[in-house]
Amino acid sequence: MSLDITPLADPHPSASSRRLAWLASGDDGVPLGSAFLRLFTKEGQEHLAELELAVHGAERRQGVGTRLLEAAVDAARSERRRSVIAQAVQGSPADLFLAARGFRQVLSLVYARLPLADVDRAALDALVEVPHPGYRLTEWEGTVPDALARSFAASRRAMDDMPMEGTDFGTVVWDVDRVVAAAEAVARRGELLHTVAVLDASDGGVVGFSELVVPGDGSGDGQHYGTAVLPEHRGRGLARWMKAAAVRHALEQHPALSGLCTDTAESNRPMLAVNDSLGYLPTHKAVEYQLDL
């Protein structure tokens, strides 16, 4: 098969990354596959690139994916990247493709979903209302309120020791501008960001957070983003408290939602236990792969 690999421009660079893209097409100009390479640009992750590659099912095993991969890896080297990461559903064609082309498995992720119709409202309310001495909950929509912006940005270090196993993910450096930009990116996609946070009652600072993104029309499934607690405040049930409050918000404010989805590193036993206690049901596993350049 004769293939054309056409580089494309990404019109929407973000505050923390930019993307390169390629389109594979046949002799007749019909698209056969695509590849996107996200180049992280923020301090602490300038060494990293993330690959998304897709080939039409009928066109696999004809070299399309290999040619797209070659273009992306060549670009990553030109951009002086140290590592390229990519994710695949365990046992899928993408899983086999990456493993056969020099990528190594560095992380296993468990995906789970909470069917909202099955939630026991009384039990959920009881979880949210349990007192946590020394702490209080707060919530907001979209961008963090100015009064909490600085401590919220500082609390993002709670993600620094999130289990990443062998992934060369780097350390994400968060400041107020970055948390604002992240919220604005969600809004530009037409989605709704809801954040639940735990405040230290002694000084009002944020010590933990849980983010939920809901489709703009309030239907389908919502997606949990980060949930984390600062190390010095762990072991007090704060993660489950916040996540339960996020579930209650979804039920009260988005009655057309079907479920809430989340993904967790398989080695992150505490968060897996939180999800299990709230009724989340595993749906599948995914593998994070890494190519060391």
# chains A, B, ... in the order shown; residues from 1 in each chain; ligands from 1
call {"tool": "residues_around", "arguments": {"residues": "Asn275 (chain A)", "least_positions_apart": "3", "cutoff": "10 Å", "atoms": "only C-alpha atoms", "output": "PyMOL selection string"}}
result
chain A and resi 112-114+239-240+243-244+262-264+269-272+278-282
call {"tool": "residues_around", "arguments": {"residues": "region 15-26 of chain A", "least_positions_apart": "5", "cutoff": "8 Å", "atoms": "only C-alpha atoms", "output": "number ranges by chain"}}
result
A: 1-10, 31-42, 64, 68, 71, 178, 181
call {"tool": "residues_around", "arguments": {"residues": "Thr143 (chain A)", "least_positions_apart": "5", "cutoff": "10 Å", "atoms": "only C-alpha atoms", "output": "ChimeraX atom specification"}}
result
/A:149,179-184,186-187,193-195
call {"tool": "write_last_selection", "arguments": {"atoms": "all heavy atoms", "output": "tab-separated table (two decimals), in the first residue's frame"}}
result
chain	number	residue	atom	x	y	z
A	149	ALA	N	-7.33	30.65	45.90
A	149	ALA	CA	-6.48	30.31	44.76
A	149	ALA	C	-5.07	29.92	45.17
A	149	ALA	O	-4.52	28.91	44.69
A	149	ALA	CB	-6.45	31.48	43.77
A	179	VAL	N	-3.61	26.63	37.65
A	179	VAL	CA	-4.91	26.09	38.04
A	179	VAL	C	-6.05	26.86	37.35
A	179	VAL	O	-7.08	26.28	37.00
A	179	VAL	CB	-5.10	26.08	39.58
A	179	VAL	CG1	-4.07	25.18	40.24
A	179	VAL	CG2	-5.05	27.47	40.18
A	180	VAL	N	-5.86	28.16	37.15
A	180	VAL	CA	-6.87	28.95	36.43
A	180	VAL	C	-6.94	28.50	34.98
A	180	VAL	O	-8.03	28.32	34.42
A	180	VAL	CB	-6.55	30.46	36.53
A	180	VAL	CG1	-7.44	31.26	35.59
A	180	VAL	CG2	-6.75	30.93	37.97
A	181	ALA	N	-5.78	28.30	34.35
A	181	ALA	CA	-5.76	27.87	32.95
A	181	ALA	C	-6.41	26.51	32.77
A	181	ALA	O	-7.11	26.26	31.78
A	181	ALA	CB	-4.32	27.84	32.44
A	182	ALA	N	-6.20	25.60	33.73
A	182	ALA	CA	-6.81	24.27	33.64
A	182	ALA	C	-8.33	24.36	33.69
A	182	ALA	O	-9.04	23.68	32.94
A	182	ALA	CB	-6.29	23.38	34.77
A	183	ALA	N	-8.86	25.20	34.58
A	183	ALA	CA	-10.31	25.37	34.67
A	183	ALA	C	-10.86	26.01	33.40
A	183	ALA	O	-11.94	25.63	32.91
A	183	ALA	CB	-10.65	26.22	35.90
A	184	GLU	N	-10.14	26.97	32.87
A	184	GLU	CA	-10.60	27.64	31.64
A	184	GLU	C	-10.60	26.67	30.46
A	184	GLU	O	-11.46	26.76	29.57
A	184	GLU	CB	-9.71	28.85	31.35
A	184	GLU	CG	-9.92	29.98	32.35
A	184	GLU	CD	-8.95	31.13	32.14
A	184	GLU	OE1	-7.95	30.94	31.41
A	184	GLU	OE2	-9.20	32.23	32.68
A	186	VAL	N	-11.29	23.46	30.56
A	186	VAL	CA	-12.51	22.67	30.68
A	186	VAL	C	-13.71	23.46	30.17
A	186	VAL	O	-14.56	22.94	29.43
A	186	VAL	CB	-12.73	22.23	32.15
A	186	VAL	CG1	-14.08	21.53	32.30
A	186	VAL	CG2	-11.60	21.30	32.60
A	187	ALA	N	-13.79	24.72	30.55
A	187	ALA	CA	-14.91	25.57	30.12
A	187	ALA	C	-14.93	25.74	28.61
A	187	ALA	O	-16.01	25.73	27.99
A	187	ALA	CB	-14.83	26.92	30.82
A	193	LEU	N	-16.86	22.03	35.38
A	193	LEU	CA	-15.90	21.59	36.40
A	193	LEU	C	-16.44	21.92	37.79
A	193	LEU	O	-16.76	23.08	38.07
A	193	LEU	CB	-14.55	22.27	36.19
A	193	LEU	CG	-13.50	22.08	37.29
A	193	LEU	CD1	-13.11	20.61	37.42
A	193	LEU	CD2	-12.27	22.93	37.01
A	194	HIS	N	-16.54	20.90	38.63
A	194	HIS	CA	-16.96	21.08	40.02
A	194	HIS	C	-15.85	20.57	40.92
A	194	HIS	O	-15.36	19.45	40.73
A	194	HIS	CB	-18.26	20.33	40.31
A	194	HIS	CG	-18.73	20.50	41.72
A	194	HIS	ND1	-19.36	21.64	42.15
A	194	HIS	CD2	-18.67	19.68	42.81
A	194	HIS	CE1	-19.67	21.53	43.44
A	194	HIS	NE2	-19.25	20.34	43.86
A	195	THR	N	-15.45	21.39	41.88
A	195	THR	CA	-14.37	21.01	42.80
A	195	THR	C	-14.88	20.99	44.23
A	195	THR	O	-15.53	21.93	44.68
A	195	THR	CB	-13.18	21.99	42.70
A	195	THR	OG1	-12.72	22.04	41.35
A	195	THR	CG2	-12.03	21.54	43.60
call {"tool": "closest_residue", "arguments": {"among": "A:Val247, A:Tyr225, A:Leu260, A:Ile85", "to": "Arg121 (chain A)", "atoms": "only C-alpha atoms"}}
result
A:Val247
call {"tool": "closest_residue", "arguments": {"among": "A:Asp292, A:Glu252, A:Asp203, A:Glu43", "to": "Ser151 (chain A)", "atoms": "only C-alpha atoms"}}
result
A:Asp203
call {"tool": "residues_around", "arguments": {"residues": "region 166-170 of chain A", "least_positions_apart": "4", "cutoff": "6 Å", "atoms": "only C-alpha atoms", "output": "mmCIF file with N, CA and C atoms, in the first residue's frame"}}
result
data_model
loop_
_atom_site.group_PDB
_atom_site.id
_atom_site.type_symbol
_atom_site.label_atom_id
_atom_site.label_comp_id
_atom_site.auth_asym_id
_atom_site.auth_seq_id
_atom_site.Cartn_x
_atom_site.Cartn_y
_atom_site.Cartn_z
ATOM 1 N N GLY A 44 9.319 21.073 34.732
ATOM 2 C CA GLY A 44 9.210 19.758 35.346
ATOM 3 C C GLY A 44 8.765 18.668 34.387
ATOM 4 N N GLN A 45 8.263 19.064 33.189
ATOM 5 C CA GLN A 45 7.803 18.053 32.230
ATOM 6 C C GLN A 45 8.282 18.320 30.806
ATOM 7 N N VAL A 106 4.812 0.534 32.134
ATOM 8 C CA VAL A 106 5.294 1.226 33.331
ATOM 9 C C VAL A 106 4.189 1.455 34.367
#
call {"tool": "select_by_dssp", "arguments": {"residues": "region 169-258 of chain A", "states": "strand (DSSP E or B)", "output": "JSON, numbers by chain"}}
result
{"A": [192, 193, 194, 195, 196, 197, 198, 199, 200, 206, 207, 208, 209, 210, 211, 212, 213, 214, 220, 221, 222, 223, 224, 225, 226, 227, 228, 229, 257, 258]}
call {"tool": "closest_residue", "arguments": {"among": "A:Gly222, A:Pro13, A:Gly259, A:Gly102", "to": "Tyr289 (chain A)", "atoms": "only C-alpha atoms"}}
result
A:Gly102
call {"tool": "residues_around", "arguments": {"residues": "Val207 (chain A)", "least_positions_apart": "6", "cutoff": "12 Å", "atoms": "only C-alpha atoms", "output": "VMD selection string"}}
result
chain A and resid 134 to 138 148 150 to 159 196 to 201 227 to 234 236 238 to 239 242
call {"tool": "select_by_dssp", "arguments": {"residues": "region 67-283 of chain A", "states": "alpha helix (DSSP H)", "output": "PyMOL selection string"}}
result
chain A and resi 67-78+93-99+121-129+146-155+176-188+238-253+269-277
call {"tool": "atom_distance", "arguments": {"atom1": "CA of Ala76 (chain A)", "atom2": "CA of Trp174 (chain A)"}}
result
24.3 Å
call {"tool": "residues_around", "arguments": {"residues": "Val287 (chain A)", "least_positions_apart": "4", "cutoff": "6 Å", "atoms": "only C-alpha atoms", "output": "VMD selection string"}}
result
chain A and resid 87 to 88 90 107 to 108
call {"tool": "write_last_selection", "arguments": {"atoms": "all heavy atoms", "output": "short mmCIF file (atom, residue, chain, number, x, y, z; two decimals), in the first residue's frame"}}
result
data_model
loop_
_atom_site.label_atom_id
_atom_site.label_comp_id
_atom_site.auth_asym_id
_atom_site.auth_seq_id
_atom_site.Cartn_x
_atom_site.Cartn_y
_atom_site.Cartn_z
N GLN A 87 -1.06 5.18 26.16
CA GLN A 87 -1.93 4.30 26.94
C GLN A 87 -2.75 3.42 26.01
O GLN A 87 -3.16 3.84 24.93
CB GLN A 87 -2.86 5.14 27.83
CG GLN A 87 -3.62 4.31 28.86
CD GLN A 87 -4.49 5.18 29.76
OE1 GLN A 87 -5.71 4.98 29.84
NE2 GLN A 87 -3.90 6.14 30.44
N ALA A 88 -3.00 2.18 26.46
CA ALA A 88 -3.80 1.24 25.69
C ALA A 88 -4.64 0.39 26.63
O ALA A 88 -4.21 0.07 27.75
CB ALA A 88 -2.90 0.33 24.85
N GLN A 90 -5.93 -2.85 28.16
CA GLN A 90 -5.24 -4.13 28.33
C GLN A 90 -5.83 -5.18 27.39
O GLN A 90 -7.04 -5.38 27.33
CB GLN A 90 -5.36 -4.59 29.78
CG GLN A 90 -4.49 -5.78 30.13
CD GLN A 90 -4.57 -6.10 31.61
OE1 GLN A 90 -5.62 -6.46 32.12
NE2 GLN A 90 -3.46 -5.96 32.31
N LEU A 107 2.93 1.28 33.99
CA LEU A 107 1.84 1.57 34.93
C LEU A 107 0.60 0.81 34.50
O LEU A 107 0.31 0.72 33.31
CB LEU A 107 1.55 3.08 34.94
CG LEU A 107 0.46 3.60 35.86
CD1 LEU A 107 0.85 3.43 37.33
CD2 LEU A 107 0.18 5.08 35.58
N SER A 108 -0.13 0.28 35.47
CA SER A 108 -1.41 -0.37 35.21
C SER A 108 -2.50 0.45 35.88
O SER A 108 -2.38 0.83 37.05
CB SER A 108 -1.40 -1.80 35.76
OG SER A 108 -2.65 -2.43 35.51
#
call {"tool": "atom_distance", "arguments": {"atom1": "CA of Arg80 (chain A)", "atom2": "CA of His47 (chain A)"}}
result
7.2 Å
call {"tool": "atom_distance", "arguments": {"atom1": "CA of Glu70 (chain A)", "atom2": "CA of Glu46 (chain A)"}}
result
20.7 Å
